[in-house]
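*Asks:* Input file: run.cif. Contents: mmCIF, C-alpha atoms and all ligand atoms.
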```
data_target
#
loop_
_atom_site.group_PDB
_atom_site.id
_atom_site.type_symbol
_atom_site.label_atom_id
_atom_site.label_comp_id
_atom_site.auth_asym_id
_atom_site.auth_seq_id
_atom_site.Cartn_x
_atom_site.Cartn_y
_atom_site.Cartn_z
ATOM 1 C CA ALA V 1 95.142 84.275 87.758
ATOM 2 C CA PRO V 2 91.872 84.640 85.845
ATOM 3 C CA THR V 3 91.263 87.830 83.870
ATOM 4 C CA ILE V 4 87.982 89.509 84.717
ATOM 5 C CA GLY V 5 86.447 91.977 82.275
ATOM 6 C CA VAL V 6 83.989 94.763 83.028
ATOM 7 C CA LEU V 7 81.501 95.475 80.238
ATOM 8 C CA ALA V 8 82.330 99.103 79.450
ATOM 9 C CA LEU V 9 79.559 100.242 77.112
ATOM 10 C CA GLN V 10 77.877 102.382 79.770
ATOM 11 C CA GLY V 11 77.560 102.582 83.544
ATOM 12 C CA ASP V 12 79.804 102.641 86.615
ATOM 13 C CA VAL V 13 82.693 100.703 85.077
ATOM 14 C CA ARG V 14 85.526 102.278 87.084
ATOM 15 C CA GLU V 15 83.870 101.543 90.418
ATOM 16 C CA HIS V 16 83.665 97.845 89.498
ATOM 17 C CA ILE V 17 87.287 97.760 88.367
ATOM 18 C CA ARG V 18 88.298 99.264 91.709
ATOM 19 C CA ALA V 19 86.117 96.813 93.675
ATOM 20 C CA LEU V 20 87.611 93.849 91.770
ATOM 21 C CA GLU V 21 91.103 95.145 92.524
ATOM 22 C CA LEU V 22 90.116 95.427 96.212
ATOM 23 C CA ALA V 23 89.006 91.784 95.966
ATOM 24 C CA GLY V 24 92.472 90.885 94.680
ATOM 25 C CA ALA V 25 91.650 90.386 91.000
ATOM 26 C CA GLY V 26 92.888 92.134 87.899
ATOM 27 C CA ALA V 27 90.163 93.783 85.840
ATOM 28 C CA THR V 28 90.002 95.161 82.333
ATOM 29 C CA PRO V 29 87.301 97.056 80.382
ATOM 30 C CA VAL V 30 85.465 95.186 77.580
ATOM 31 C CA ARG V 31 84.037 97.094 74.610
ATOM 32 C CA ARG V 32 84.874 94.882 71.648
ATOM 33 C CA GLN V 33 84.443 91.235 70.828
ATOM 34 C CA ARG V 34 88.205 90.618 70.843
ATOM 35 C CA GLU V 35 88.323 92.050 74.372
ATOM 36 C CA LEU V 36 85.440 89.774 75.383
ATOM 37 C CA ASP V 37 87.248 86.790 73.849
ATOM 38 C CA ALA V 38 90.283 87.549 76.041
ATOM 39 C CA VAL V 39 88.562 87.482 79.453
ATOM 40 C CA ASP V 40 87.660 84.510 81.675
ATOM 41 C CA ALA V 41 84.749 86.207 83.415
ATOM 42 C CA LEU V 42 82.692 89.379 83.103
ATOM 43 C CA VAL V 43 81.100 91.990 85.351
ATOM 44 C CA ILE V 44 78.120 93.905 83.959
ATOM 45 C CA PRO V 45 77.898 97.246 85.773
ATOM 46 C CA GLY V 46 75.048 99.355 87.053
ATOM 47 C CA GLY V 47 73.768 102.028 84.721
ATOM 48 C CA GLU V 48 70.819 101.939 82.361
ATOM 49 C CA SER V 49 69.828 98.597 80.875
ATOM 50 C CA THR V 50 68.000 100.103 77.868
ATOM 51 C CA THR V 51 71.124 102.066 76.844
ATOM 52 C CA MET V 52 73.352 99.060 77.524
ATOM 53 C CA TRP V 53 71.152 96.843 75.357
ATOM 54 C CA LYS V 54 71.168 99.406 72.499
ATOM 55 C CA LEU V 55 74.945 99.876 72.673
ATOM 56 C CA ALA V 56 75.546 96.110 72.879
ATOM 57 C CA THR V 57 73.501 95.790 69.686
ATOM 58 C CA THR V 58 75.363 98.646 67.956
ATOM 59 C CA PHE V 59 78.766 97.270 68.984
ATOM 60 C CA GLU V 60 77.684 93.786 67.814
ATOM 61 C CA LEU V 61 78.282 92.396 71.271
ATOM 62 C CA LEU V 62 74.841 91.062 72.192
ATOM 63 C CA GLU V 63 75.188 87.718 70.377
ATOM 64 C CA PRO V 64 78.848 87.195 71.426
ATOM 65 C CA LEU V 65 77.809 87.907 75.035
ATOM 66 C CA ARG V 66 74.951 85.403 74.786
ATOM 67 C CA LEU V 67 77.308 82.783 73.355
ATOM 68 C CA ARG V 68 79.911 83.244 76.105
ATOM 69 C CA ILE V 69 77.207 83.019 78.798
ATOM 70 C CA LYS V 70 75.747 79.895 77.144
ATOM 71 C CA ASP V 71 79.285 78.523 77.116
ATOM 72 C CA GLY V 72 79.520 78.856 80.907
ATOM 73 C CA MET V 73 81.532 82.057 81.347
ATOM 74 C CA PRO V 74 81.067 83.333 84.934
ATOM 75 C CA ALA V 75 79.341 86.716 85.064
ATOM 76 C CA TYR V 76 78.161 89.112 87.757
ATOM 77 C CA GLY V 77 75.604 91.863 87.103
ATOM 78 C CA SER V 78 74.702 94.694 89.494
ATOM 79 C CA CYS V 79 71.424 96.588 89.044
ATOM 80 C CA ALA V 80 71.222 97.264 85.269
ATOM 81 C CA GLY V 81 73.638 94.310 84.992
ATOM 82 C CA MET V 82 71.127 92.124 86.855
ATOM 83 C CA ILE V 83 68.500 93.129 84.289
ATOM 84 C CA MET V 84 70.917 92.164 81.492
ATOM 85 C CA LEU V 85 71.365 88.668 82.987
ATOM 86 C CA ALA V 86 67.632 88.000 83.419
ATOM 87 C CA ASP V 87 65.911 85.558 81.080
ATOM 88 C CA ARG V 88 62.705 87.615 81.360
ATOM 89 C CA ILE V 89 62.003 91.230 82.353
ATOM 90 C CA GLU V 90 58.914 93.234 83.302
ATOM 91 C CA ASP V 91 58.532 96.969 82.627
ATOM 92 C CA GLY V 92 61.249 97.048 79.980
ATOM 93 C CA ILE V 93 60.928 99.520 77.131
ATOM 94 C CA GLU V 94 59.393 98.409 73.817
ATOM 95 C CA GLY V 95 61.497 95.594 72.337
ATOM 96 C CA GLN V 96 64.101 95.642 75.124
ATOM 97 C CA GLN V 97 66.286 92.539 75.074
ATOM 98 C CA THR V 98 68.669 91.065 77.590
ATOM 99 C CA ILE V 99 71.673 88.774 77.411
ATOM 100 C CA GLY V 100 69.875 86.329 79.696
ATOM 101 C CA GLY V 101 71.236 83.286 81.497
ATOM 102 C CA ILE V 102 69.501 83.398 84.872
ATOM 103 C CA ASP V 103 66.077 81.745 84.981
ATOM 104 C CA MET V 104 64.228 84.615 86.641
ATOM 105 C CA VAL V 105 61.799 87.455 86.043
ATOM 106 C CA VAL V 106 63.259 90.858 86.973
ATOM 107 C CA ARG V 107 61.048 93.925 87.319
ATOM 108 C CA ARG V 108 62.813 97.097 86.161
ATOM 109 C CA ASN V 109 62.664 100.235 88.325
ATOM 110 C CA ALA V 110 60.546 98.247 90.769
ATOM 111 C CA PHE V 111 61.760 99.972 93.933
ATOM 112 C CA GLY V 112 62.148 103.182 91.957
ATOM 113 C CA ARG V 113 58.418 103.579 91.632
ATOM 114 C CA GLN V 114 58.229 103.980 95.401
ATOM 115 C CA VAL V 115 61.589 105.492 96.346
ATOM 116 C CA ASP V 116 64.258 106.506 93.830
ATOM 117 C CA SER V 117 67.071 105.331 96.047
ATOM 118 C CA PHE V 118 67.578 103.934 99.513
ATOM 119 C CA GLU V 119 70.060 101.954 101.577
ATOM 120 C CA GLU V 120 69.503 98.928 103.733
ATOM 121 C CA ASP V 121 71.688 96.545 105.738
ATOM 122 C CA LEU V 122 71.109 93.028 104.514
ATOM 123 C CA ASP V 123 72.661 89.607 104.769
ATOM 124 C CA PHE V 124 74.440 88.469 101.601
ATOM 125 C CA ALA V 125 75.055 84.765 101.025
ATOM 126 C CA GLY V 126 75.410 84.129 104.736
ATOM 127 C CA ARG V 127 78.520 86.322 104.866
ATOM 128 C CA GLY V 128 77.169 88.777 107.359
ATOM 129 C CA ARG V 129 75.319 92.032 107.044
ATOM 130 C CA MET V 130 76.377 94.618 104.541
ATOM 131 C CA ARG V 131 75.204 98.043 103.448
ATOM 132 C CA ALA V 132 73.246 97.733 100.200
ATOM 133 C CA VAL V 133 72.700 100.798 98.007
ATOM 134 C CA PHE V 134 69.656 100.756 95.709
ATOM 135 C CA ILE V 135 69.286 103.303 92.875
ATOM 136 C CA ARG V 136 66.159 103.014 90.702
ATOM 137 C CA ALA V 137 66.728 99.364 91.349
ATOM 138 C CA PRO V 138 65.017 96.298 89.948
ATOM 139 C CA TRP V 139 63.820 93.441 92.134
ATOM 140 C CA VAL V 140 63.543 89.771 91.328
ATOM 141 C CA GLU V 141 59.896 88.947 90.850
ATOM 142 C CA SER V 142 60.293 85.166 90.593
ATOM 143 C CA VAL V 143 63.019 82.543 90.141
ATOM 144 C CA GLY V 144 63.223 79.117 88.534
ATOM 145 C CA PRO V 145 64.176 75.950 90.435
ATOM 146 C CA ASP V 146 67.936 76.219 89.738
ATOM 147 C CA VAL V 147 68.287 79.734 91.127
ATOM 148 C CA GLU V 148 69.669 80.207 94.626
ATOM 149 C CA VAL V 149 68.466 83.272 96.548
ATOM 150 C CA LEU V 150 71.437 84.987 98.247
ATOM 151 C CA GLY V 151 69.826 88.138 99.605
ATOM 152 C CA ARG V 152 66.520 89.848 100.376
ATOM 153 C CA THR V 153 65.361 93.226 101.606
ATOM 154 C CA HIS V 154 63.269 93.214 104.754
ATOM 155 C CA GLY V 155 62.644 96.883 105.498
ATOM 156 C CA GLN V 156 60.666 99.350 103.399
ATOM 157 C CA PRO V 157 59.491 98.688 100.747
ATOM 158 C CA GLY V 158 59.119 95.093 101.756
ATOM 159 C CA ASP V 159 60.487 91.605 101.468
ATOM 160 C CA ARG V 160 62.033 91.219 98.008
ATOM 161 C CA ILE V 161 64.694 89.039 96.390
ATOM 162 C CA VAL V 162 67.704 91.241 95.562
ATOM 163 C CA ALA V 163 70.628 88.805 95.166
ATOM 164 C CA VAL V 164 70.692 85.512 93.249
ATOM 165 C CA ARG V 165 73.030 82.931 91.812
ATOM 166 C CA GLN V 166 72.552 80.305 89.138
ATOM 167 C CA GLY V 167 75.717 78.249 88.607
ATOM 168 C CA PRO V 168 78.405 80.629 87.300
ATOM 169 C CA LEU V 169 76.029 83.622 87.180
ATOM 170 C CA LEU V 170 75.579 86.101 90.030
ATOM 171 C CA ALA V 171 73.306 89.167 90.196
ATOM 172 C CA THR V 172 72.408 91.851 92.743
ATOM 173 C CA SER V 173 69.792 94.632 92.592
ATOM 174 C CA PHE V 174 72.117 96.810 94.646
ATOM 175 C CA HIS V 175 75.547 98.378 94.023
ATOM 176 C CA PRO V 176 78.342 96.915 96.198
ATOM 177 C CA GLU V 177 80.807 98.742 93.933
ATOM 178 C CA LEU V 178 79.710 102.016 95.557
ATOM 179 C CA THR V 179 80.319 101.194 99.211
ATOM 180 C CA GLY V 180 84.004 100.217 99.419
ATOM 181 C CA ASP V 181 82.901 96.827 100.812
ATOM 182 C CA ALA V 182 84.438 94.213 98.510
ATOM 183 C CA ARG V 183 82.637 91.136 99.886
ATOM 184 C CA VAL V 184 80.295 90.632 96.920
ATOM 185 C CA HIS V 185 83.189 91.052 94.472
ATOM 186 C CA SER V 186 85.292 88.679 96.598
ATOM 187 C CA TYR V 187 82.448 86.150 96.451
ATOM 188 C CA PHE V 188 82.429 86.488 92.646
ATOM 189 C CA VAL V 189 86.222 86.194 92.388
ATOM 190 C CA GLU V 190 86.018 82.981 94.460
ATOM 191 C CA MET V 191 83.298 81.678 92.097
ATOM 192 C CA VAL V 192 85.551 82.407 89.112
ATOM 193 C CA ARG V 193 88.512 80.629 90.724
ATOM 194 C CA GLU V 194 86.381 77.560 91.566
ATOM 195 C CA LEU V 195 84.898 77.190 88.083
HETATM 196 N N1 LIG P 201 66.832 101.611 86.296
HETATM 197 C C1 LIG P 201 68.023 101.150 85.621
HETATM 198 C C2 LIG P 201 67.681 100.233 84.462
HETATM 199 O O1 LIG P 201 66.562 99.966 84.199
HETATM 200 C C3 LIG P 201 68.962 100.452 86.570
HETATM 201 C C4 LIG P 201 69.490 101.430 87.599
HETATM 202 C C5 LIG P 201 70.894 101.173 88.042
HETATM 203 O O2 LIG P 201 71.656 100.399 87.448
HETATM 204 N N2 LIG P 201 71.271 101.893 89.056
HETATM 205 O O3 LIG P 201 68.581 99.775 83.802
#
```
As a first step, turn the structure in this file into structure tokens.
*Replies:*
Amino acid sequence: APTIGVLALQGDVREHIRALELAGAGATPVRRQRELDAVDALVIPGGESTTMWKLATTFELLEPLRLRIKDGMPAYGSCAGMIMLADRIEDGIEGQQTIGGIDMVVRRNAFGRQVDSFEEDLDFAGRGRMRAVFIRAPWVESVGPDVEVLGRTHGQPGDRIVAVRQGPLLATSFHPELTGDARVHSYFVEMVREL
């Protein structure tokens, strides 16, 4: 079985480990390069992308993460993790960098300017409706031609892209790790097994 890591610099790491276990996969925290080297796939949790970027730099993980992603390692980012997987961001702090990998522009705190947090039922990847929890969430402003849109919001505050996939990379603006519904994590585990 593939080993899935959860980037454990900052954010809701334990919730992702639990959700991966619910989806039938083993999960292990990743803080060091040798731990990154040992996993087949990686989840980047929700939290705060500016802090995650700074800690990844301090722990000398930013370049190793970029190399693994370039190498085709499957990865899934929720919320701050989505920001980390974006090739380009809007409303980042001065100098803020990402790992990148998904050809998209993500706007930080985009929903958060209007409502700090909200929930909405939305369809994910044609797998039926699920409860999506948004907390100072980003939205996807635009995507390149190789990016598949897997989910959108339709209620307030409007029609926005909130779930995407590009090859082995998956990202959601919302937090499926907080709802006890393991369908997004199951989707990712299936991706990892197929690749
Ligand atoms: N606003 C956070 C950021 O910019 C993301 C919020 C979250 O992960 N819940 O990183």
*Asks:* Give me, please, the distance in Å between atom CA of V:Ala182 and atom CA of V:Leu67, quoted to one decimal.
*Replies:*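 Between these atoms lies a distance of 28.5 Å.
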*Asks:* Taking all atoms listed in the file into account, which of V:His16, V:Arg136, V:Arg107, V:Arg127 comes nearest ligand LIG 201 (chain P)?
*Replies:*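 Smallest distance to ligand LIG 201 (chain P) is found for V:Arg136.
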*Asks:* Excluding stretch 82-85 of chain V and any residue of its chain fewer than 6 positions from it, enumerate the residues within 10 Å of it, using all atoms listed in the file, and give them as a count of residues only.
*Replies:* 39
*Asks:* Identify all residues satisfying the PyMOL selection byres (((chain V and resi 193) around 12) and not hetatm) in the given file; provide them as a VMD selection string.
*Replies:* chain V and resid 1 to 4 24 to 25 40 to 41 73 to 74 168 186 to 192 194 to 195
*Asks:* Pull C-alpha atoms from the residues just selected and write them as a PDB file, keeping the file's coordinate frame.
*Replies:*
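Result file is out07.pdb:
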```
ATOM      1  CA  ALA V   1      95.142  84.275  87.758  1.00  0.00           C
ATOM      2  CA  PRO V   2      91.872  84.640  85.845  1.00  0.00           C
ATOM      3  CA  THR V   3      91.263  87.830  83.870  1.00  0.00           C
ATOM      4  CA  ILE V   4      87.982  89.509  84.717  1.00  0.00           C
ATOM      5  CA  GLY V  24      92.472  90.885  94.680  1.00  0.00           C
ATOM      6  CA  ALA V  25      91.650  90.386  91.000  1.00  0.00           C
ATOM      7  CA  ASP V  40      87.660  84.510  81.675  1.00  0.00           C
ATOM      8  CA  ALA V  41      84.749  86.207  83.415  1.00  0.00           C
ATOM      9  CA  MET V  73      81.532  82.057  81.347  1.00  0.00           C
ATOM     10  CA  PRO V  74      81.067  83.333  84.934  1.00  0.00           C
ATOM     11  CA  PRO V 168      78.405  80.629  87.300  1.00  0.00           C
ATOM     12  CA  SER V 186      85.292  88.679  96.598  1.00  0.00           C
ATOM     13  CA  TYR V 187      82.448  86.150  96.451  1.00  0.00           C
ATOM     14  CA  PHE V 188      82.429  86.488  92.646  1.00  0.00           C
ATOM     15  CA  VAL V 189      86.222  86.194  92.388  1.00  0.00           C
ATOM     16  CA  GLU V 190      86.018  82.981  94.460  1.00  0.00           C
ATOM     17  CA  MET V 191      83.298  81.678  92.097  1.00  0.00           C
ATOM     18  CA  VAL V 192      85.551  82.407  89.112  1.00  0.00           C
ATOM     19  CA  GLU V 194      86.381  77.560  91.566  1.00  0.00           C
ATOM     20  CA  LEU V 195      84.898  77.190  88.083  1.00  0.00           C
TER      21      LEU V 195
END
```
*Asks:* Decode the PyMOL selection byres (((chain V and resi 130) around 12) and not hetatm) for the given file into explicit residues and return them as a list in words.
*Replies:*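 So the PyMOL selection byres (((chain V and resi 130) around 12) and not hetatm), applied here, picks out Glu119, Glu120, Asp121, Leu122, Asp123, Phe124, Ala125, Gly126, Arg127, Gly128, Arg129, Arg131, Ala132, Val133, Gly151, Arg152, Thr153, Phe174, His175, Pro176, Thr179, Gly180, Asp181, Ala182, Arg183 and Val184 of chain V.
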*Asks:* Hey, which of V:Cys79, V:Val147, V:Ile89, V:Ile161 ends up closest to ligand LIG 201 (chain P)? Count all atoms listed in the file.
*Replies:*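 Of the candidates, the smallest distance to ligand LIG 201 (chain P) is held by V:Cys79.
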*Asks:* Residues within 12 Å of (59.1, 100.7, 96.0), file coordinates, counting all atoms listed in the file: what are they? Give the list as a count of residues only.
*Replies:* 25
*Asks:* List the spatial neighbours of V:Ala56 as a list in words - criterion: any atom at most 9 Å away, only C-alpha atoms, same-chain residues fewer than 5 positions off excluded.
*Replies:* Leu9, Arg31, Thr51, Leu61, Leu62, Glu63 and Leu65 of chain V
*Asks:* Okay, now the selection with C-alpha atoms, as a CSV table (one decimal), in the coordinates of the input?
*Replies:*
```
chain,number,residue,atom,x,y,z
V,9,LEU,CA,79.6,100.2,77.1
V,31,ARG,CA,84.0,97.1,74.6
V,51,THR,CA,71.1,102.1,76.8
V,61,LEU,CA,78.3,92.4,71.3
V,62,LEU,CA,74.8,91.1,72.2
V,63,GLU,CA,75.2,87.7,70.4
V,65,LEU,CA,77.8,87.9,75.0
```
*Asks:* Smallest atom-to-atom distance to ligand LIG 201 (chain P): which of V:Thr28, V:Gln33, V:Ser142, V:Ser78, using only C-alpha atoms and all ligand atoms?
*Replies:*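 Among V:Thr28, V:Gln33, V:Ser142, V:Ser78, it is V:Ser78 that comes nearest to ligand LIG 201 (chain P).
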*Asks:* Measuring atom to atom with only C-alpha atoms and all ligand atoms, identify which of V:Leu20, V:Phe59, V:Val149, V:Glu90 is nearest to ligand LIG 201 (chain P).
*Replies:*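 For ligand LIG 201 (chain P), the nearest of the candidates is V:Glu90.
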*Asks:* Report, in Å to a single decimal, how far apart atom O1 of ligand LIG 201 (chain P) and atom CA of V:Leu55 are.
*Replies:*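 Atom-to-atom, atom CA of V:Leu55 to atom O1 of ligand LIG 201 (chain P), that is 14.3 Å.
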*Asks:* What gap, in Å, lies between atom O3 of ligand LIG 201 (chain P) and atom CA of V:Gly47?
*Replies:* 5.7 Å
